[in-house]
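What follows is data.cif (mmCIF, C-alpha atoms).
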data_query
loop_
_atom_site.label_atom_id
_atom_site.label_comp_id
_atom_site.auth_asym_id
_atom_site.auth_seq_id
_atom_site.Cartn_x
_atom_site.Cartn_y
_atom_site.Cartn_z
CA MET T 1468 0.00 0.00 0.00
CA GLN T 1469 1.29 3.47 -0.87
CA SER T 1470 0.04 6.72 0.63
CA PRO T 1471 1.49 9.87 2.27
CA LEU T 1472 -0.63 8.85 5.26
CA LEU T 1473 1.80 6.01 6.02
CA ALA T 1474 4.66 8.46 6.51
CA HIS T 1475 3.21 9.55 9.86
CA THR T 1476 5.02 6.88 11.84
CA ALA T 1477 5.77 7.05 15.55
CA GLY T 1478 8.79 9.09 16.54
CA THR T 1479 11.60 7.95 18.80
CA GLY T 1480 13.48 9.57 21.65
CA THR T 1481 14.04 9.50 25.39
CA ASP T 1482 12.60 12.89 26.36
CA ARG T 1483 9.78 12.63 28.88
CA PHE T 1484 7.55 14.96 26.85
CA ALA T 1485 7.93 15.40 23.09
CA LEU T 1486 5.59 16.39 20.29
CA GLN T 1487 4.78 13.64 17.82
CA ASN T 1488 3.15 16.43 15.83
CA PRO T 1489 1.70 19.83 16.83
CA GLN T 1490 -1.49 18.17 18.14
CA LEU T 1491 -0.19 14.90 19.57
CA LEU T 1492 2.04 14.47 22.62
CA ARG T 1493 4.46 11.55 23.04
CA VAL T 1494 5.25 10.63 26.66
CA THR T 1495 8.13 8.27 27.44
CA LEU T 1496 7.84 6.29 30.69
CA ASP T 1497 10.98 4.67 32.10
CA GLY T 1498 9.41 2.65 34.89
CA ARG T 1499 10.91 4.82 37.62
CA SER T 1500 8.65 7.87 37.62
CA GLU T 1501 5.08 8.72 36.74
CA VAL T 1502 3.25 11.34 34.69
CA LEU T 1503 -0.09 12.97 35.41
CA ALA T 1504 -2.39 13.46 32.41
CA ARG T 1505 -5.88 14.80 31.87
CA THR T 1506 -8.38 12.00 32.37
CA GLY T 1507 -9.37 10.45 29.05
CA ALA T 1508 -6.55 12.08 27.03
CA MET T 1509 -4.81 8.83 26.03
CA VAL T 1510 -5.27 7.99 22.34
CA ALA T 1511 -2.64 5.20 22.02
CA HIS T 1512 0.15 3.50 23.95
CA VAL T 1513 2.74 0.76 23.66
CA GLY T 1514 4.56 -1.20 26.36
CA LYS T 1515 3.41 -2.08 29.85
CA VAL T 1516 1.60 1.06 30.96
CA ASP T 1517 -0.99 1.45 33.71
CA PHE T 1518 -3.62 4.18 33.92
CA THR T 1519 -5.11 4.72 37.37
CA GLY T 1520 -7.07 7.40 39.15
CA TRP T 1521 -5.11 10.07 40.95
CA THR T 1522 -5.91 11.69 44.29
CA PRO T 1523 -3.70 14.60 45.38
CA PRO T 1524 -2.42 15.11 48.91
CA ALA T 1525 -4.78 17.01 51.15
CA GLY T 1526 -4.15 20.75 51.18
CA ASN T 1527 -5.66 24.13 51.70
CA ARG T 1528 -7.31 26.27 49.01
CA ARG T 1529 -5.97 29.66 49.87
CA GLY T 1530 -5.12 31.96 47.00
CA ASN T 1531 -3.61 35.27 46.03
CA ARG T 1532 -5.96 38.12 45.21
CA ASN T 1533 -3.67 39.30 42.41
CA GLY T 1534 -3.62 35.98 40.60
CA GLY T 1535 0.16 35.56 40.88
CA GLY T 1536 3.14 35.61 43.19
CA ASN T 1537 3.69 33.49 46.28
CA ALA T 1538 0.39 32.74 47.99
CA GLY T 1539 2.12 30.98 50.84
CA ASN T 1540 0.71 27.58 49.95
CA ARG T 1541 1.98 25.00 47.46
CA HIS T 1542 -0.42 22.19 48.27
CA ARG T 1543 -2.40 20.70 45.43
CA ASP T 1544 -6.08 21.53 45.09
CA ALA T 1545 -8.07 18.31 44.78
CA GLY T 1546 -10.80 19.90 42.69
CA ALA T 1547 -8.58 21.89 40.34
CA LEU T 1548 -7.54 19.21 37.86
CA ASP T 1549 -9.17 15.98 36.66
CA LEU T 1550 -6.10 13.80 36.27
CA MET T 1551 -5.05 10.18 35.84
CA ARG T 1552 -1.74 8.58 36.75
CA CYS T 1553 0.36 7.10 33.92
CA SER T 1554 3.01 4.64 35.12
CA GLY T 1555 5.07 1.74 33.86
CA THR T 1556 7.44 1.33 30.93
CA GLY T 1557 6.52 2.35 27.42
CA THR T 1558 5.17 5.21 25.33
CA VAL T 1559 1.85 7.01 25.75
CA TYR T 1560 0.25 9.33 23.20
CA LEU T 1561 -1.98 12.09 24.53
CA ALA T 1562 -4.30 14.54 22.77
CA ASN T 1563 -7.51 16.48 23.28
CA LEU T 1564 -9.77 17.15 20.28
CA ALA T 1565 -6.77 18.03 18.06
CA GLN T 1566 -5.83 21.11 20.10
CA HIS T 1567 -2.33 22.53 19.60
CA LEU T 1568 0.11 21.39 22.30
CA HIS T 1569 3.01 23.20 23.94
CA VAL T 1570 5.70 21.67 26.18
CA LEU T 1571 7.14 23.94 28.88
CA GLN T 1572 10.06 23.06 31.14
CA LEU T 1573 9.89 24.82 34.50
CA SER T 1574 13.01 25.23 36.62
CA GLN T 1575 11.90 26.61 39.98
CA GLU T 1576 9.66 29.02 38.07
CA ARG T 1577 6.01 29.96 38.48
CA LEU T 1578 3.31 30.25 35.85
CA VAL T 1579 -0.42 30.92 36.21
CA VAL T 1580 -2.60 28.90 33.83
CA THR T 1581 -6.28 28.15 33.37
CA ASN T 1582 -6.75 24.56 34.51
CA SER T 1583 -8.80 23.59 31.45
CA TYR T 1584 -5.72 24.08 29.25
CA VAL T 1585 -3.48 21.61 31.14
CA LEU T 1586 -2.94 18.31 29.29
CA ALA T 1587 -0.11 16.71 31.28
CA LEU T 1588 2.57 17.48 33.86
CA ASP T 1589 5.31 15.90 35.93
CA THR T 1590 4.49 14.77 39.46
CA THR T 1591 7.37 16.98 40.67
CA LEU T 1592 5.33 20.13 40.03
CA ASP T 1593 3.07 21.78 42.58
CA TRP T 1594 0.00 23.94 42.04
CA HIS T 1595 -2.68 25.81 43.91
CA THR T 1596 -5.66 27.92 42.93
CA VAL T 1597 -5.30 31.70 42.83
CA ALA T 1598 -7.99 34.35 42.82
CA ILE T 1599 -8.42 37.28 40.44
CA GLU T 1600 -9.68 40.66 41.54
CA ASN T 1601 -13.40 40.82 40.65
CA GLY T 1602 -13.15 37.24 39.38
CA ASP T 1603 -16.01 36.06 41.58
CA ARG T 1604 -18.48 38.15 39.60
CA ILE T 1605 -18.73 35.51 36.89
CA ALA T 1606 -18.96 31.82 37.73
CA GLY T 1607 -15.77 30.05 36.77
CA VAL T 1608 -13.53 33.05 36.08
CA GLY T 1609 -10.67 33.05 38.56
CA SER T 1610 -11.66 29.80 40.23
CA ARG T 1611 -10.05 27.94 37.31
CA CYS T 1612 -6.68 29.71 37.63
CA LEU T 1613 -3.72 27.71 38.94
CA GLU T 1614 -0.22 28.80 39.84
CA VAL T 1615 2.14 25.99 38.83
CA SER T 1616 5.62 25.96 40.36
CA GLY T 1617 8.69 23.77 40.85
CA THR T 1618 10.84 21.84 38.40
CA GLY T 1619 9.42 19.61 35.69
CA GLY T 1620 7.49 19.46 32.44
CA LEU T 1621 4.10 21.07 31.84
CA VAL T 1622 2.05 20.58 28.65
CA LEU T 1623 -0.59 23.16 27.72
CA MET T 1624 -3.33 23.05 25.07
CA THR T 1625 -4.58 25.91 22.89
CA SER T 1626 -7.26 26.16 20.23
CA GLY T 1627 -4.95 27.14 17.38
CA ARG T 1628 -1.52 28.73 17.54
CA PRO T 1629 -1.27 31.13 20.49
CA LEU T 1630 -0.11 34.72 20.77
CA VAL T 1631 2.40 35.64 23.49
CA MET T 1632 2.12 39.30 24.50
CA PRO T 1633 4.89 40.97 26.56
CA VAL T 1634 3.85 43.08 29.54
CA GLU T 1635 5.98 46.04 30.64
CA PRO T 1636 5.76 48.07 33.86
CA GLY T 1637 3.63 51.18 33.56
CA SER T 1638 1.43 49.81 30.78
CA TYR T 1639 -1.52 47.46 30.46
CA VAL T 1640 -2.20 44.45 28.25
CA TYR T 1641 -5.78 43.21 27.86
CA GLY T 1642 -7.06 39.80 26.87
CA ASP T 1643 -10.54 38.37 26.42
CA ALA T 1644 -11.39 36.34 29.52
CA ASP T 1645 -12.33 33.37 27.32
CA ALA T 1646 -9.11 33.54 25.26
CA VAL T 1647 -6.39 33.94 27.93
CA VAL T 1648 -4.55 30.66 28.56
CA GLY T 1649 -1.97 31.77 31.12
CA TRP T 1650 0.45 34.46 32.27
CA SER T 1651 3.62 35.13 34.23
CA SER T 1652 3.21 34.74 37.95
CA GLY T 1653 3.65 38.10 39.64
CA LEU T 1654 1.62 40.13 37.16
CA GLU T 1655 -1.24 42.13 38.64
CA VAL T 1656 -4.51 40.92 37.14
CA GLN T 1657 -8.01 42.34 37.26
CA LEU T 1658 -11.24 41.21 35.63
CA GLN T 1659 -13.29 44.02 34.12
CA ALA T 1660 -16.20 44.57 31.76
CA GLN T 1661 -15.12 45.80 28.33
CA SER T 1662 -18.55 47.31 27.71
CA THR T 1663 -21.13 49.12 29.83
CA ASN T 1664 -23.86 47.17 28.06
CA THR T 1665 -25.85 45.33 30.72
CA GLU T 1666 -25.52 42.15 28.64
CA ALA T 1667 -21.79 42.19 29.41
CA TRP T 1668 -22.56 41.12 32.95
CA ARG T 1669 -23.42 37.74 31.52
CA ARG T 1670 -20.62 35.35 30.53
CA ARG T 1671 -20.57 36.97 27.08
CA GLY T 1672 -22.46 39.99 25.78
CA THR T 1673 -24.70 39.98 22.72
CA ALA T 1674 -23.61 42.80 20.41
CA THR T 1675 -20.47 43.89 22.28
CA GLU T 1676 -17.46 42.38 23.99
CA GLY T 1677 -17.94 40.76 27.38
CA TRP T 1678 -15.25 40.40 30.04
CA GLU T 1679 -11.53 40.93 29.75
CA LEU T 1680 -8.46 40.50 31.93
CA ALA T 1681 -6.17 43.49 32.45
CA PHE T 1682 -2.47 42.76 33.14
CA THR T 1683 0.25 45.07 34.41
CA GLY T 1684 3.79 44.50 35.69
CA ARG T 1685 6.59 42.62 33.95
CA GLY T 1686 6.12 39.32 32.17
CA PHE T 1687 3.98 37.86 29.40
CA VAL T 1688 0.42 36.74 28.62
CA ILE T 1689 -0.54 33.72 26.50
CA VAL T 1690 -3.68 34.17 24.39
CA GLN T 1691 -5.28 31.62 22.05
CA PRO T 1692 -7.01 32.63 18.78
CA SER T 1693 -10.40 31.55 20.10
CA GLU T 1694 -12.87 33.09 22.51
CA LEU T 1695 -14.57 29.78 23.19
CA LEU T 1696 -14.05 27.76 26.31
CA PRO T 1697 -11.63 24.85 25.67
CA PRO T 1698 -12.99 21.44 24.62
CA GLN T 1699 -13.68 19.09 27.48
CA ARG T 1700 -13.77 15.33 27.81
CA VAL T 1701 -17.01 14.17 26.19
CA PRO T 1702 -19.13 12.38 28.83
CA ARG T 1703 -20.21 8.82 28.08
CA GLY T 1704 -23.86 8.37 27.23
#

Whole structure given in C-alpha cells:
Amino acid sequence: MQSPLLAHTAGTGTDRFALQNPQLLRVTLDGRSEVLARTGAMVAHVGKVDFTGWTPPAGNRRGNRNGGGNAGNRHRDAGALDLMRCSGTGTVYLANLAQHLHVLQLSQERLVVTNSYVLALDTTLDWHTVAIENGDRIAGVGSRCLEVSGTGGLVLMTSGRPLVMPVEPGSYVYGDADAVVGWSSGLEVQLQAQSTNTEAWRRRGTATEGWELAFTGRGFVIVQPSELLPPQRVPRG
C-alpha cells in the first residue's frame, strides 16, 4: 500500500515529553517515575503502561488576590484538575480534540494557567488555585486559575496557535477572559467589563465584547485565537 498517510510513523526519543506532531504528545515512561495526564486524554500507547485514578495530597485552598506571586501555599487543590496517573514502561500518546500542544520546562519558576488548558505534567510540580480581583463576579472566572511551580514538564493546550504578549511596567495588556490561557506569575490581574452594556454582565455579551483581563507588571500573557471555552472530555452516554 502506498500513501502519504503512512509516513506519519511514531517518533523515537528519550525525552519525557515530546511532540509527535503539533497536536499529539508523546510521553516516554521509564518505569521509575510517573506522569499525570488529563483524564481520558490517552489515544494510544505501547509497552506495559498502567492508567489509574489520581488523588492529590490534602491541602488548603488559599489563593492570592492578584492571581500571581507566592500565595504561601503549594499544596495541590483536589478539585482543580481531573487527572489520571500514567506509570510503567513504554510510550503514551496524549491529545484532546486536536488542540495545539506546547511543552514547557519549569526550573523553579512559576506560571499561572487556566486549569482547562493543562494536558499533562510531571508529578514533581506543585500547584494551587489563585484568585483574580473581581473574578467572583462571573462563575468560573478566577476559580479555574492555577499557579504551577517547581521543576518539571508542563504541557498546555490551545485552540490554534497562540499569541504571546509581553507586559511592561507602567502599561496594560488586555485579553478576552475566554481567550487567555496563562500568564507570568507576579503580574497584577483584574477582571473588568469591556462594555457598559448590561448584557456584558453575563458570561458573554450579545452585540459587544464581554469580560476581559487586564495585566500590568513585567512578564507575558498567553492568548489563544479563540474566545470559546476549551474542549472538554465528552461524557459517556

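For range 1564-1569 of chain T, the non-local neighbours within 9 Å, defined as residues at least 5 positions apart in the same chain or in other chains and counting all atoms listed in the file, are Leu1486, Asn1488, Pro1489, Gln1490, Leu1491, Leu1492, Leu1586, Leu1621, Val1622, Leu1623, Met1624, Thr1625, Ser1626, Gly1627, Arg1628, Pro1629, Pro1697, Pro1698, Gln1699 and Arg1700 of chain T.
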
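Between CA of Gly1653 in chain T and CA of Gly1684 in chain T lies a distance of 7.5 Å.
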
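One distance worth recording is that between CA of Thr1556 in chain T and CA of Leu1588 in chain T, which is 17.1 Å.
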
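Within the file as shown, the PyMOL selection byres ((chain T and resi 1654) around 7) identifies Gly1535, Ser1651, Ser1652, Gly1653, Glu1655, Val1656, Phe1682, Thr1683, Gly1684, Arg1685 and Gly1686 of chain T.
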
Taking the file as shown, what set of residues would the PyMOL selection byres ((chain T and resi 1646) around 7) give back, as a PyMOL selection string? chain T and resi 1642-1645+1647-1648+1690-1695

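Going from CA of Gln1572 in chain T to CA of Arg1505 in chain T covers 18.0 Å.
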
Written as a PyMOL selection string, which residues does the PyMOL selection byres ((chain T and resi 1574) around 10) give for the file shown? chain T and resi 1571-1573+1575-1577+1592+1616-1620

I need the residues from that last selection saved to file as a compact mmCIF listing (two decimals), in the coordinates of the input (with C-alpha atoms), if you can.
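Result went into result-v4.txt, see below:
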# COMPACT_ATOMS: atom_id res chain seq x y z
CA LEU T 1571 7.14 23.94 28.88
CA GLN T 1572 10.06 23.06 31.14
CA LEU T 1573 9.89 24.82 34.50
CA GLN T 1575 11.90 26.61 39.98
CA GLU T 1576 9.66 29.02 38.07
CA ARG T 1577 6.01 29.96 38.48
CA LEU T 1592 5.33 20.13 40.03
CA SER T 1616 5.62 25.96 40.36
CA GLY T 1617 8.69 23.77 40.85
CA THR T 1618 10.84 21.84 38.40
CA GLY T 1619 9.42 19.61 35.69
CA GLY T 1620 7.49 19.46 32.44

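Near Ala1508 in chain T, within 6 Å and counting all atoms listed in the file, sit Leu1561, Ala1562 and Asn1563 of chain T; same-chain residues fewer than 6 positions away were not included.
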
Please identify all polymer residues within 8 Å of range 1470-1477 of chain T, counting all atoms listed in the file, omitting same-chain residues fewer than 2 positions from it, and present them as a list in words. Met1468, Thr1479 and Gln1487 of chain T

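Distances from T:Pro1633, T:Pro1523, T:Gly1649, T:Gly1498 to Arg1483 in chain T were compared using all atoms listed in the file, and the smallest one belongs to T:Gly1498.
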
Please enclose the listed atoms of range 1552-1566 of chain T in an axis-aligned box, pad each side by 6 Å, and write out the centre and the three edge lengths in Å, rounded to one decimal, as lines of an AutoDock Vina configuration file.
center_x = -1.2
center_y = 11.2
center_z = 27.4
size_x = 29.2
size_y = 31.8
size_z = 30.7
